[in-house]
file coords_21.cif (mmCIF, C-alpha atoms)
data_input
#
loop_
_atom_site.label_atom_id
_atom_site.label_comp_id
_atom_site.auth_asym_id
_atom_site.auth_seq_id
_atom_site.Cartn_x
_atom_site.Cartn_y
_atom_site.Cartn_z
CA MET U 1181 17.48 34.17 -9.70
CA LYS U 1182 17.78 35.01 -6.02
CA HIS U 1183 21.44 33.97 -5.95
CA ARG U 1184 22.20 36.38 -8.81
CA TYR U 1185 21.29 39.33 -6.58
CA LEU U 1186 22.70 37.87 -3.34
CA LEU U 1187 26.37 37.81 -4.39
CA PRO U 1188 26.65 41.54 -5.25
CA LEU U 1189 24.92 42.35 -1.97
CA LEU U 1190 27.42 40.25 0.02
CA ILE U 1191 30.34 41.88 -1.76
CA ALA U 1192 28.96 45.33 -1.02
CA LEU U 1193 28.47 44.50 2.66
CA SER U 1194 31.96 43.04 2.91
CA SER U 1195 33.44 46.20 1.41
CA LEU U 1196 31.46 48.37 3.79
CA THR U 1197 32.62 46.32 6.79
CA GLY U 1198 36.25 46.69 5.72
CA ARG U 1199 35.91 50.47 5.62
CA VAL U 1200 34.38 50.60 9.09
CA ASP U 1201 36.98 48.32 10.73
CA ALA U 1202 40.07 50.23 9.53
CA GLY U 1203 39.10 53.38 11.37
CA LEU U 1204 42.29 54.55 13.14
CA LYS U 1205 45.29 55.47 11.01
CA VAL U 1206 48.66 55.24 12.75
CA ALA U 1207 52.29 55.09 11.64
CA SER U 1208 55.32 53.12 12.86
CA LEU U 1209 58.99 54.02 12.69
CA HIS U 1210 60.25 50.49 13.39
CA PRO U 1211 59.13 47.18 11.82
CA ILE U 1212 58.99 45.27 15.12
CA VAL U 1213 56.91 48.03 16.71
CA GLY U 1214 54.70 48.19 13.64
CA ASP U 1215 54.05 44.45 13.76
CA LEU U 1216 53.12 44.72 17.45
CA VAL U 1217 50.71 47.57 16.68
CA LYS U 1218 49.05 45.41 14.02
CA GLN U 1219 48.66 42.55 16.49
CA VAL U 1220 47.14 44.77 19.16
CA GLY U 1221 45.02 46.92 16.84
CA GLY U 1222 43.77 44.23 14.49
CA ASP U 1223 41.14 45.30 11.96
CA HIS U 1224 40.46 48.53 13.82
CA VAL U 1225 43.82 50.05 12.87
CA GLU U 1226 45.53 50.96 9.60
CA VAL U 1227 49.32 50.92 10.12
CA VAL U 1228 51.64 52.87 7.84
CA GLN U 1229 55.08 51.26 8.13
CA VAL U 1230 57.49 54.12 7.52
CA LEU U 1231 60.82 52.35 8.02
CA LYS U 1232 60.60 49.31 5.78
CA PRO U 1233 62.34 45.98 6.51
CA GLY U 1234 65.79 46.01 4.96
CA THR U 1235 66.41 49.68 5.78
CA ASP U 1236 69.46 50.71 7.82
CA LEU U 1237 67.96 51.93 11.08
CA HIS U 1238 71.05 53.93 12.05
CA HIS U 1239 71.07 56.02 8.87
CA PHE U 1240 67.35 56.44 8.37
CA SER U 1241 65.51 59.74 8.50
CA PRO U 1242 61.97 60.21 7.14
CA SER U 1243 61.86 61.72 3.66
CA ALA U 1244 59.24 64.11 2.35
CA LYS U 1245 57.50 61.09 0.82
CA ASP U 1246 57.49 59.33 4.21
CA ILE U 1247 56.03 62.36 5.93
CA ALA U 1248 53.34 62.61 3.27
CA ALA U 1249 52.46 58.94 3.89
CA MET U 1250 52.02 59.74 7.59
CA ARG U 1251 49.51 62.52 6.93
CA GLY U 1252 46.20 61.65 8.52
CA ALA U 1253 47.80 59.41 11.15
CA THR U 1254 46.70 60.37 14.66
CA ILE U 1255 49.47 58.37 16.37
CA VAL U 1256 53.08 57.76 15.36
CA PHE U 1257 54.85 54.92 17.19
CA ALA U 1258 58.63 55.09 17.67
CA SER U 1259 60.90 52.62 19.44
CA GLY U 1260 62.41 55.36 21.61
CA LYS U 1261 65.43 55.37 23.95
CA GLY U 1262 67.22 57.70 21.54
CA MET U 1263 67.14 55.24 18.64
CA GLU U 1264 65.35 57.75 16.38
CA SER U 1265 67.49 60.86 16.63
CA TYR U 1266 65.19 62.73 14.25
CA LEU U 1267 62.05 62.73 16.45
CA ASP U 1268 62.13 66.43 17.34
CA LYS U 1269 62.31 67.42 13.67
CA LEU U 1270 59.57 64.94 12.83
CA ARG U 1271 57.25 66.48 15.45
CA ASP U 1272 57.70 69.87 13.80
CA SER U 1273 57.06 68.42 10.35
CA LEU U 1274 53.87 66.61 11.36
CA GLY U 1275 52.42 69.56 13.24
CA GLY U 1276 49.77 69.50 15.94
CA GLY U 1277 47.11 66.86 16.37
CA VAL U 1278 49.54 63.94 16.10
CA THR U 1279 50.59 61.98 19.18
CA LEU U 1280 54.13 60.59 19.09
CA ILE U 1281 54.55 57.52 21.32
CA GLU U 1282 58.04 56.28 22.23
CA VAL U 1283 57.07 52.71 23.04
CA GLY U 1284 60.32 51.85 24.81
CA ARG U 1285 60.30 54.89 27.09
CA THR U 1286 58.77 53.04 30.07
CA VAL U 1287 60.90 49.91 29.60
CA PRO U 1288 63.68 49.79 32.24
CA SER U 1289 66.95 50.62 30.49
CA ILE U 1290 70.05 48.47 30.56
CA LYS U 1291 73.31 50.34 30.84
CA ILE U 1292 76.53 48.80 29.66
CA SER U 1293 78.24 47.56 32.82
CA ALA U 1294 80.76 45.00 33.97
CA ASP U 1295 77.98 43.10 35.75
CA GLN U 1296 76.43 41.80 32.53
CA SER U 1297 79.38 42.23 30.18
CA ILE U 1298 82.92 41.09 29.58
CA PHE U 1299 85.00 43.97 28.21
CA MET U 1300 87.82 43.08 25.91
CA CYS U 1301 90.18 45.87 26.92
CA CYS U 1302 88.66 47.63 29.91
CA PRO U 1303 85.23 48.28 31.47
CA GLU U 1304 85.43 51.93 30.42
CA HIS U 1305 85.15 51.00 26.73
CA ALA U 1306 81.38 51.45 26.72
CA ARG U 1307 80.45 51.86 30.39
CA GLY U 1308 77.34 53.91 31.10
CA GLY U 1309 75.88 53.83 27.60
CA ILE U 1310 72.19 52.93 27.39
CA ASP U 1311 71.36 49.98 25.17
CA PRO U 1312 68.38 51.14 23.06
CA HIS U 1313 67.61 47.64 21.69
CA TRP U 1314 64.89 46.94 24.25
CA TRP U 1315 62.87 44.79 21.81
CA GLN U 1316 65.44 41.99 22.19
CA SER U 1317 63.59 40.93 25.37
CA SER U 1318 60.25 39.11 25.41
CA ASP U 1319 59.37 40.62 28.79
CA ASN U 1320 59.92 44.08 27.35
CA MET U 1321 57.73 43.24 24.37
CA LYS U 1322 54.91 42.18 26.68
CA ARG U 1323 55.18 45.52 28.44
CA ALA U 1324 55.19 47.28 25.07
CA ALA U 1325 51.92 45.54 24.13
CA GLY U 1326 50.26 47.34 27.04
CA VAL U 1327 51.79 50.67 26.00
CA VAL U 1328 50.43 50.22 22.48
CA ALA U 1329 46.97 49.21 23.73
CA ASP U 1330 46.79 52.29 25.98
CA ALA U 1331 47.82 54.59 23.12
CA LEU U 1332 45.27 53.09 20.72
CA THR U 1333 42.56 53.32 23.37
CA ALA U 1334 43.35 57.00 23.93
CA GLY U 1335 42.90 57.60 20.21
CA ASP U 1336 39.88 55.33 19.82
CA PRO U 1337 38.11 54.79 23.19
CA ALA U 1338 35.17 52.96 21.61
CA ASN U 1339 37.39 49.97 20.83
CA LYS U 1340 39.15 49.73 24.21
CA ALA U 1341 38.05 46.14 24.80
CA ALA U 1342 39.34 45.08 21.38
CA TYR U 1343 42.75 46.65 22.02
CA GLU U 1344 43.05 45.04 25.44
CA ALA U 1345 42.17 41.67 23.91
CA GLY U 1346 44.71 42.26 21.14
CA ALA U 1347 47.40 43.07 23.69
CA GLU U 1348 46.66 39.88 25.63
CA SER U 1349 46.78 37.83 22.43
CA ALA U 1350 50.13 39.43 21.56
CA ARG U 1351 51.50 38.59 25.01
CA GLN U 1352 50.55 34.95 24.53
CA ARG U 1353 52.39 34.84 21.21
CA ILE U 1354 55.41 36.50 22.81
CA SER U 1355 55.36 33.95 25.65
CA ALA U 1356 55.40 31.16 23.08
CA VAL U 1357 58.49 32.69 21.46
CA LYS U 1358 60.22 32.92 24.84
CA ALA U 1359 59.40 29.28 25.58
CA TYR U 1360 60.95 28.28 22.24
CA ALA U 1361 64.08 30.33 22.98
CA GLN U 1362 64.47 28.86 26.47
CA LYS U 1363 64.13 25.31 25.19
CA GLN U 1364 66.66 25.78 22.39
CA LEU U 1365 69.20 27.75 24.44
CA SER U 1366 69.10 25.16 27.23
CA GLN U 1367 71.27 23.01 24.94
CA ILE U 1368 74.18 25.42 25.51
CA PRO U 1369 76.22 24.83 28.70
CA ARG U 1370 76.26 27.76 31.12
CA SER U 1371 80.02 28.05 30.74
CA ASP U 1372 79.64 28.68 27.00
CA ARG U 1373 76.93 31.33 27.25
CA LYS U 1374 79.13 34.20 26.11
CA LEU U 1375 77.83 36.20 23.17
CA VAL U 1376 80.61 37.94 21.24
CA THR U 1377 79.22 40.52 18.80
CA ALA U 1378 80.47 43.64 17.09
CA HIS U 1379 78.39 46.11 19.09
CA ALA U 1380 76.29 46.10 22.24
CA ALA U 1381 72.87 45.30 20.82
CA PHE U 1382 72.07 42.19 22.85
CA GLY U 1383 72.15 43.29 26.48
CA TYR U 1384 68.42 42.67 27.03
CA PHE U 1385 68.58 39.29 25.30
CA CYS U 1386 71.61 38.21 27.32
CA LYS U 1387 70.09 39.29 30.61
CA GLU U 1388 66.89 37.36 29.88
CA TYR U 1389 68.63 34.12 28.91
CA GLY U 1390 71.67 34.09 31.19
CA PHE U 1391 74.44 35.06 28.74
CA LYS U 1392 77.42 37.33 29.18
CA THR U 1393 77.36 39.99 26.47
CA ILE U 1394 80.73 40.74 24.92
CA PRO U 1395 80.50 43.87 22.74
CA VAL U 1396 83.79 44.22 20.91
CA LEU U 1397 83.02 47.77 19.73
CA GLY U 1398 80.62 49.06 22.39
CA LEU U 1399 77.32 50.61 21.29
CA SER U 1400 78.38 51.77 17.84
CA ALA U 1401 77.52 49.62 14.84
CA GLU U 1402 80.17 51.28 12.74
CA GLY U 1403 83.19 51.45 15.02
CA ALA U 1404 86.68 50.35 14.17
CA ALA U 1405 89.41 48.99 16.41
CA SER U 1406 93.10 49.75 16.54
CA VAL U 1407 95.74 47.06 16.09
CA GLN U 1408 96.55 47.28 19.81
CA TYR U 1409 92.90 46.94 20.79
CA THR U 1410 92.40 43.99 18.45
CA SER U 1411 95.40 42.33 20.08
CA GLU U 1412 93.79 42.79 23.52
CA VAL U 1413 90.55 41.30 22.21
CA VAL U 1414 92.40 38.25 20.89
CA LYS U 1415 93.96 37.68 24.32
CA ALA U 1416 90.57 38.02 26.03
CA ILE U 1417 88.99 35.58 23.57
CA GLN U 1418 91.63 33.02 24.44
CA THR U 1419 91.49 33.67 28.20
CA ASN U 1420 87.69 33.38 28.35
CA LYS U 1421 87.68 30.29 26.10
CA ILE U 1422 85.25 31.83 23.64
CA ARG U 1423 83.91 29.28 21.15
CA ALA U 1424 82.38 31.57 18.52
CA VAL U 1425 81.95 35.17 17.43
CA PHE U 1426 78.85 36.52 15.73
CA PRO U 1427 78.72 39.16 13.00
CA GLU U 1428 75.61 41.33 12.79
CA THR U 1429 73.56 42.58 9.90
CA GLY U 1430 74.62 46.16 9.20
CA ALA U 1431 77.62 46.15 11.55
CA ASN U 1432 81.28 46.32 10.61
CA PRO U 1433 82.39 42.68 10.06
CA LYS U 1434 86.12 43.38 9.64
CA VAL U 1435 87.10 43.34 13.31
CA LEU U 1436 85.34 40.04 14.05
CA SER U 1437 86.79 38.48 10.91
CA GLU U 1438 90.29 39.48 11.99
CA ILE U 1439 89.68 38.18 15.52
CA ALA U 1440 88.44 34.87 14.14
CA ARG U 1441 91.47 34.63 11.85
CA GLN U 1442 93.91 35.17 14.72
CA THR U 1443 92.17 32.94 17.27
CA GLY U 1444 90.69 30.22 15.10
CA VAL U 1445 87.28 30.54 16.77
CA LYS U 1446 84.14 29.76 14.82
CA VAL U 1447 82.27 32.56 13.04
CA GLY U 1448 78.55 32.10 13.60
CA ARG U 1449 75.73 33.19 11.32
CA GLU U 1450 74.81 36.86 11.25
CA LEU U 1451 72.56 38.01 14.08
CA SER U 1452 69.87 40.66 13.80
CA GLY U 1453 70.47 43.35 16.39
CA ASP U 1454 68.13 45.99 15.02
CA GLY U 1455 65.26 43.76 13.91
CA THR U 1456 65.01 45.48 10.55
CA THR U 1457 66.22 42.85 8.10
CA ALA U 1458 63.78 41.40 5.61
CA GLU U 1459 64.13 37.97 7.23
CA ALA U 1460 63.86 39.22 10.84
CA SER U 1461 61.53 42.21 11.05
CA THR U 1462 59.09 40.92 13.66
CA PHE U 1463 59.87 39.97 17.25
CA GLU U 1464 59.13 36.32 16.52
CA SER U 1465 61.20 36.06 13.34
CA MET U 1466 64.11 38.04 14.85
CA THR U 1467 64.23 35.97 18.04
CA ARG U 1468 63.95 32.63 16.28
CA HIS U 1469 66.62 33.67 13.77
CA ASN U 1470 69.04 34.76 16.50
CA VAL U 1471 68.38 31.81 18.79
CA ASP U 1472 68.85 29.30 15.97
CA ALA U 1473 72.12 30.95 14.92
CA ILE U 1474 73.47 31.03 18.49
CA VAL U 1475 72.55 27.41 19.18
CA ALA U 1476 74.07 26.25 15.90
CA ALA U 1477 77.42 27.80 16.87
CA LEU U 1478 77.55 27.11 20.62
CA LYS U 1479 75.75 23.81 21.05
CA PRO U 1480 78.29 21.06 21.96
#

call {"tool": "encode", "arguments": {"input": "coords_21.cif", "output": "structure tokens"}}
result
Amino acid sequence: MKHRYLLPLLIALSSLTGRVDAGLKVASLHPIVGDLVKQVGGDHVEVVQVLKPGTDLHHFSPSAKDIAAMRGATIVFASGKGMESYLDKLRDSLGGGVTLIEVGRTVPSIKISADQSIFMCCPEHARGGIDPHWWQSSDNMKRAAGVVADALTAGDPANKAAYEAGAESARQRISAVKAYAQKQLSQIPRSDRKLVTAHAAFGYFCKEYGFKTIPVLGLSAEGAASVQYTSEVVKAIQTNKIRAVFPETGANPKVLSEIARQTGVKVGRELSGDGTTAEASTFESMTRHNVDAIVAALKP
């Protein structure tokens, strides 16, 4: 008889505990950032993921339905560095009482330069542009974990210790991802570490792992190239003994396809530059996906 009354009591207590834990409502404008917030916040945070995996980051702007879903959130996390061009309008729509955190703001920016890049026609093609894809670096993600923990603590000081522990746990997971990437990429000779992509989304990744980034179309994911420019790219591919080119999810594939046709170089699997695809919407899944694709194409 006692057990008959014990089960409903346990269920009631479990339900009550769940309501207490999910105390701080926040929103995220990028899947990778949202996943990091979940790792740092744990059961103390309810995360509304506004930009869903599979959405085109470059064409996204929150709808009225998205803004309604964010109501009640005390913090909204954005990736920053100009990636979300709609932030000023969003601030006005959300009104006062909501803190908007650009997680990548304090991450040192990489500018497109001849030091880390090989330019197909000339260094002026994309020189000076800031690469906003800071989440392509594990070291940047570790820094971001601290930014998230500080923001959550400001909104919920009582759980400061839990957020600090969550950030440390996230850093350990990020370190494990970096170790995996280093081990796999070590199979590629230094002379072949040249990453040819449609646009400049991999500067942070290339800097971290010793690659030259070769953005055929600069920072734009939608750019096109003239016949003359494509001809210059073909010559540069041959001169630099490029072994493969990599299309990207959401980027214009036509230029790379034409380059591959004219040069005979291998076309690798699609890379995730924005970290928003359904298969690569966390730092871990994105990095493993990209590393595996790069190794498959460039490993001797």

call {"tool": "closest_residue", "arguments": {"input": "coords_21.cif", "among": "U:Val1357, U:Asn1420, U:Tyr1389, U:Asp1246", "to": "Val1445 in chain U", "atoms": "all atoms listed in the file"}}
result
U:Asn1420

call {"tool": "closest_residue", "arguments": {"input": "coords_21.cif", "among": "U:Ser1265, U:Thr1254, U:Ser1243, U:Gln1219", "to": "Glu1344 in chain U", "atoms": "all atoms listed in the file"}}
result
U:Gln1219

call {"tool": "residues_near_point", "arguments": {"input": "coords_21.cif", "point": "(60.2, 50.4, 32.8)", "cutoff": "10 Å", "atoms": "only C-alpha atoms", "output": "list in words"}}
result
Gly1284, Arg1285, Thr1286, Val1287, Pro1288, Ser1289, Asn1320, Arg1323 and Ala1324 of chain U

call {"tool": "write_last_selection", "arguments": {"input": "coords_21.cif", "atoms": "C-alpha atoms", "output": "mmCIF file, keeping the file's coordinate frame"}}
result
data_model
loop_
_atom_site.group_PDB
_atom_site.id
_atom_site.type_symbol
_atom_site.label_atom_id
_atom_site.label_comp_id
_atom_site.auth_asym_id
_atom_site.auth_seq_id
_atom_site.Cartn_x
_atom_site.Cartn_y
_atom_site.Cartn_z
ATOM 1 C CA GLY U 1284 60.320 51.850 24.810
ATOM 2 C CA ARG U 1285 60.300 54.890 27.090
ATOM 3 C CA THR U 1286 58.770 53.040 30.070
ATOM 4 C CA VAL U 1287 60.900 49.910 29.600
ATOM 5 C CA PRO U 1288 63.680 49.790 32.240
ATOM 6 C CA SER U 1289 66.950 50.620 30.490
ATOM 7 C CA ASN U 1320 59.920 44.080 27.350
ATOM 8 C CA ARG U 1323 55.180 45.520 28.440
ATOM 9 C CA ALA U 1324 55.190 47.280 25.070
#

call {"tool": "atom_distance", "arguments": {"input": "coords_21.cif", "atom1": "CA of Gly1448 in chain U", "atom2": "CA of Ile1474 in chain U"}}
result
7.1 Å

call {"tool": "residues_around", "arguments": {"input": "coords_21.cif", "residues": "range 1453-1455 of chain U", "least_positions_apart": "4", "cutoff": "9 Å", "atoms": "all atoms listed in the file", "output": "list of chain:residue names"}}
result
U:His1210, U:Pro1211, U:Ile1212, U:Pro1233, U:Asp1236, U:Leu1237, U:His1238, U:His1313, U:Trp1315, U:Gln1316, U:His1379, U:Ala1380, U:Ala1381, U:Phe1382, U:Glu1428, U:Thr1429, U:Gly1430, U:Glu1459, U:Ala1460, U:Ser1461, U:Thr1462, U:Phe1463, U:Ser1465, U:Met1466, U:Thr1467, U:Asn1470

call {"tool": "closest_residue", "arguments": {"input": "coords_21.cif", "among": "U:Val1227, U:Val1471, U:Leu1209, U:Leu1375", "to": "Gln1362 in chain U", "atoms": "only C-alpha atoms"}}
result
U:Val1471

call {"tool": "atom_distance", "arguments": {"input": "coords_21.cif", "atom1": "CA of Thr1393 in chain U", "atom2": "CA of Lys1291 in chain U"}}
result
11.9 Å

call {"tool": "atom_distance", "arguments": {"input": "coords_21.cif", "atom1": "CA of Ala1359 in chain U", "atom2": "CA of Ser1371 in chain U"}}
result
21.3 Å

call {"tool": "closest_residue", "arguments": {"input": "coords_21.cif", "among": "U:Leu1365, U:Val1414, U:Leu1204, U:Ala1334", "to": "Gly1390 in chain U", "atoms": "all atoms listed in the file"}}
result
U:Leu1365

call {"tool": "residues_near_point", "arguments": {"input": "coords_21.cif", "point": "(52.0, 50.7, 12.5)", "cutoff": "6 Å", "atoms": "all atoms listed in the file", "output": "list in words"}}
result
Val1206, Ala1207, Ser1208, Gly1214, Val1217, Val1227, Val1228 and Gln1229 of chain U

call {"tool": "residues_around", "arguments": {"input": "coords_21.cif", "residues": "Gly1260 in chain U", "least_positions_apart": "3", "cutoff": "8 Å", "atoms": "only C-alpha atoms", "output": "compact mmCIF listing (two decimals) with C-alpha atoms, in the frame of the given file"}}
result
# COMPACT_ATOMS: atom_id res chain seq x y z
CA MET U 1263 67.14 55.24 18.64
CA GLU U 1264 65.35 57.75 16.38
CA GLU U 1282 58.04 56.28 22.23
CA VAL U 1283 57.07 52.71 23.04
CA GLY U 1284 60.32 51.85 24.81
CA ARG U 1285 60.30 54.89 27.09
CA PRO U 1312 68.38 51.14 23.06

call {"tool": "resolve_selection", "arguments": {"input": "coords_21.cif", "expression": "the PyMOL selection byres ((chain U and resi 1224-1226) around 9)", "output": "ChimeraX atom specification"}}
result
/U:1200-1207,1217-1218,1220-1223,1227-1228,1253,1332,1339,1342-1343

call {"tool": "closest_residue", "arguments": {"input": "coords_21.cif", "among": "U:Phe1385, U:Phe1240, U:Phe1257, U:Tyr1266", "to": "Asp1311 in chain U", "atoms": "only C-alpha atoms"}}
result
U:Phe1385

call {"tool": "closest_residue", "arguments": {"input": "coords_21.cif", "among": "U:Ala1341, U:Val1230, U:Val1213, U:Val1475", "to": "Ala1249 in chain U", "atoms": "all atoms listed in the file"}}
result
U:Val1230

call {"tool": "build_atoms", "arguments": {"input": "coords_21.cif", "residues": "range 1326-1354 of chain U", "atoms": "N, CA and C atoms", "output": "PDB file, in the coordinates of the input"}}
result
ATOM      1  N   GLY U1326      51.150  46.510  26.213  1.00  0.00           N
ATOM      2  CA  GLY U1326      50.260  47.340  27.040  1.00  0.00           C
ATOM      3  C   GLY U1326      50.370  48.807  26.689  1.00  0.00           C
ATOM      4  N   VAL U1327      51.586  49.276  26.399  1.00  0.00           N
ATOM      5  CA  VAL U1327      51.790  50.670  26.000  1.00  0.00           C
ATOM      6  C   VAL U1327      51.032  50.970  24.715  1.00  0.00           C
ATOM      7  N   VAL U1328      51.120  50.055  23.756  1.00  0.00           N
ATOM      8  CA  VAL U1328      50.430  50.220  22.480  1.00  0.00           C
ATOM      9  C   VAL U1328      48.919  50.218  22.671  1.00  0.00           C
ATOM     10  N   ALA U1329      48.414  49.282  23.482  1.00  0.00           N
ATOM     11  CA  ALA U1329      46.970  49.210  23.730  1.00  0.00           C
ATOM     12  C   ALA U1329      46.453  50.492  24.366  1.00  0.00           C
ATOM     13  N   ASP U1330      47.204  51.036  25.320  1.00  0.00           N
ATOM     14  CA  ASP U1330      46.790  52.290  25.980  1.00  0.00           C
ATOM     15  C   ASP U1330      46.760  53.450  24.986  1.00  0.00           C
ATOM     16  N   ALA U1331      47.754  53.498  24.102  1.00  0.00           N
ATOM     17  CA  ALA U1331      47.820  54.590  23.120  1.00  0.00           C
ATOM     18  C   ALA U1331      46.666  54.494  22.123  1.00  0.00           C
ATOM     19  N   LEU U1332      46.371  53.281  21.669  1.00  0.00           N
ATOM     20  CA  LEU U1332      45.270  53.090  20.720  1.00  0.00           C
ATOM     21  C   LEU U1332      43.931  53.414  21.387  1.00  0.00           C
ATOM     22  N   THR U1333      43.799  53.033  22.639  1.00  0.00           N
ATOM     23  CA  THR U1333      42.560  53.320  23.370  1.00  0.00           C
ATOM     24  C   THR U1333      42.353  54.826  23.529  1.00  0.00           C
ATOM     25  N   ALA U1334      43.447  55.542  23.800  1.00  0.00           N
ATOM     26  CA  ALA U1334      43.350  57.000  23.930  1.00  0.00           C
ATOM     27  C   ALA U1334      42.887  57.642  22.628  1.00  0.00           C
ATOM     28  N   GLY U1335      43.294  57.060  21.503  1.00  0.00           N
ATOM     29  CA  GLY U1335      42.900  57.600  20.210  1.00  0.00           C
ATOM     30  C   GLY U1335      41.566  57.099  19.713  1.00  0.00           C
ATOM     31  N   ASP U1336      41.111  55.976  20.280  1.00  0.00           N
ATOM     32  CA  ASP U1336      39.880  55.330  19.820  1.00  0.00           C
ATOM     33  C   ASP U1336      39.213  54.615  21.007  1.00  0.00           C
ATOM     34  N   PRO U1337      38.660  55.369  21.963  1.00  0.00           N
ATOM     35  CA  PRO U1337      38.110  54.790  23.190  1.00  0.00           C
ATOM     36  C   PRO U1337      37.015  53.750  22.955  1.00  0.00           C
ATOM     37  N   ALA U1338      36.285  53.873  21.864  1.00  0.00           N
ATOM     38  CA  ALA U1338      35.170  52.960  21.610  1.00  0.00           C
ATOM     39  C   ALA U1338      35.630  51.519  21.451  1.00  0.00           C
ATOM     40  N   ASN U1339      36.882  51.323  21.064  1.00  0.00           N
ATOM     41  CA  ASN U1339      37.390  49.970  20.830  1.00  0.00           C
ATOM     42  C   ASN U1339      38.387  49.528  21.911  1.00  0.00           C
ATOM     43  N   LYS U1340      38.248  50.067  23.104  1.00  0.00           N
ATOM     44  CA  LYS U1340      39.150  49.730  24.210  1.00  0.00           C
ATOM     45  C   LYS U1340      39.219  48.232  24.459  1.00  0.00           C
ATOM     46  N   ALA U1341      38.082  47.577  24.517  1.00  0.00           N
ATOM     47  CA  ALA U1341      38.050  46.140  24.800  1.00  0.00           C
ATOM     48  C   ALA U1341      38.800  45.347  23.726  1.00  0.00           C
ATOM     49  N   ALA U1342      38.655  45.763  22.478  1.00  0.00           N
ATOM     50  CA  ALA U1342      39.340  45.080  21.380  1.00  0.00           C
ATOM     51  C   ALA U1342      40.857  45.235  21.494  1.00  0.00           C
ATOM     52  N   TYR U1343      41.313  46.419  21.886  1.00  0.00           N
ATOM     53  CA  TYR U1343      42.750  46.650  22.020  1.00  0.00           C
ATOM     54  C   TYR U1343      43.325  45.892  23.212  1.00  0.00           C
ATOM     55  N   GLU U1344      42.585  45.808  24.283  1.00  0.00           N
ATOM     56  CA  GLU U1344      43.050  45.040  25.440  1.00  0.00           C
ATOM     57  C   GLU U1344      43.132  43.557  25.097  1.00  0.00           C
ATOM     58  N   ALA U1345      42.149  43.066  24.343  1.00  0.00           N
ATOM     59  CA  ALA U1345      42.170  41.670  23.910  1.00  0.00           C
ATOM     60  C   ALA U1345      43.333  41.425  22.953  1.00  0.00           C
ATOM     61  N   GLY U1346      43.587  42.384  22.078  1.00  0.00           N
ATOM     62  CA  GLY U1346      44.710  42.260  21.140  1.00  0.00           C
ATOM     63  C   GLY U1346      46.040  42.229  21.860  1.00  0.00           C
ATOM     64  N   ALA U1347      46.161  43.051  22.912  1.00  0.00           N
ATOM     65  CA  ALA U1347      47.400  43.070  23.690  1.00  0.00           C
ATOM     66  C   ALA U1347      47.618  41.733  24.395  1.00  0.00           C
ATOM     67  N   GLU U1348      46.549  41.164  24.944  1.00  0.00           N
ATOM     68  CA  GLU U1348      46.660  39.880  25.630  1.00  0.00           C
ATOM     69  C   GLU U1348      47.028  38.770  24.642  1.00  0.00           C
ATOM     70  N   SER U1349      46.442  38.807  23.461  1.00  0.00           N
ATOM     71  CA  SER U1349      46.780  37.830  22.430  1.00  0.00           C
ATOM     72  C   SER U1349      48.251  37.960  22.031  1.00  0.00           C
ATOM     73  N   ALA U1350      48.729  39.197  21.907  1.00  0.00           N
ATOM     74  CA  ALA U1350      50.130  39.430  21.560  1.00  0.00           C
ATOM     75  C   ALA U1350      51.045  38.895  22.649  1.00  0.00           C
ATOM     76  N   ARG U1351      50.677  39.099  23.904  1.00  0.00           N
ATOM     77  CA  ARG U1351      51.500  38.590  25.010  1.00  0.00           C
ATOM     78  C   ARG U1351      51.602  37.070  24.971  1.00  0.00           C
ATOM     79  N   GLN U1352      50.517  36.410  24.611  1.00  0.00           N
ATOM     80  CA  GLN U1352      50.550  34.950  24.530  1.00  0.00           C
ATOM     81  C   GLN U1352      51.491  34.485  23.430  1.00  0.00           C
ATOM     82  N   ARG U1353      51.480  35.180  22.298  1.00  0.00           N
ATOM     83  CA  ARG U1353      52.390  34.840  21.210  1.00  0.00           C
ATOM     84  C   ARG U1353      53.839  35.085  21.622  1.00  0.00           C
ATOM     85  N   ILE U1354      54.066  36.178  22.338  1.00  0.00           N
ATOM     86  CA  ILE U1354      55.410  36.500  22.810  1.00  0.00           C
ATOM     87  C   ILE U1354      55.899  35.448  23.803  1.00  0.00           C
TER      88      ILE U1354
END
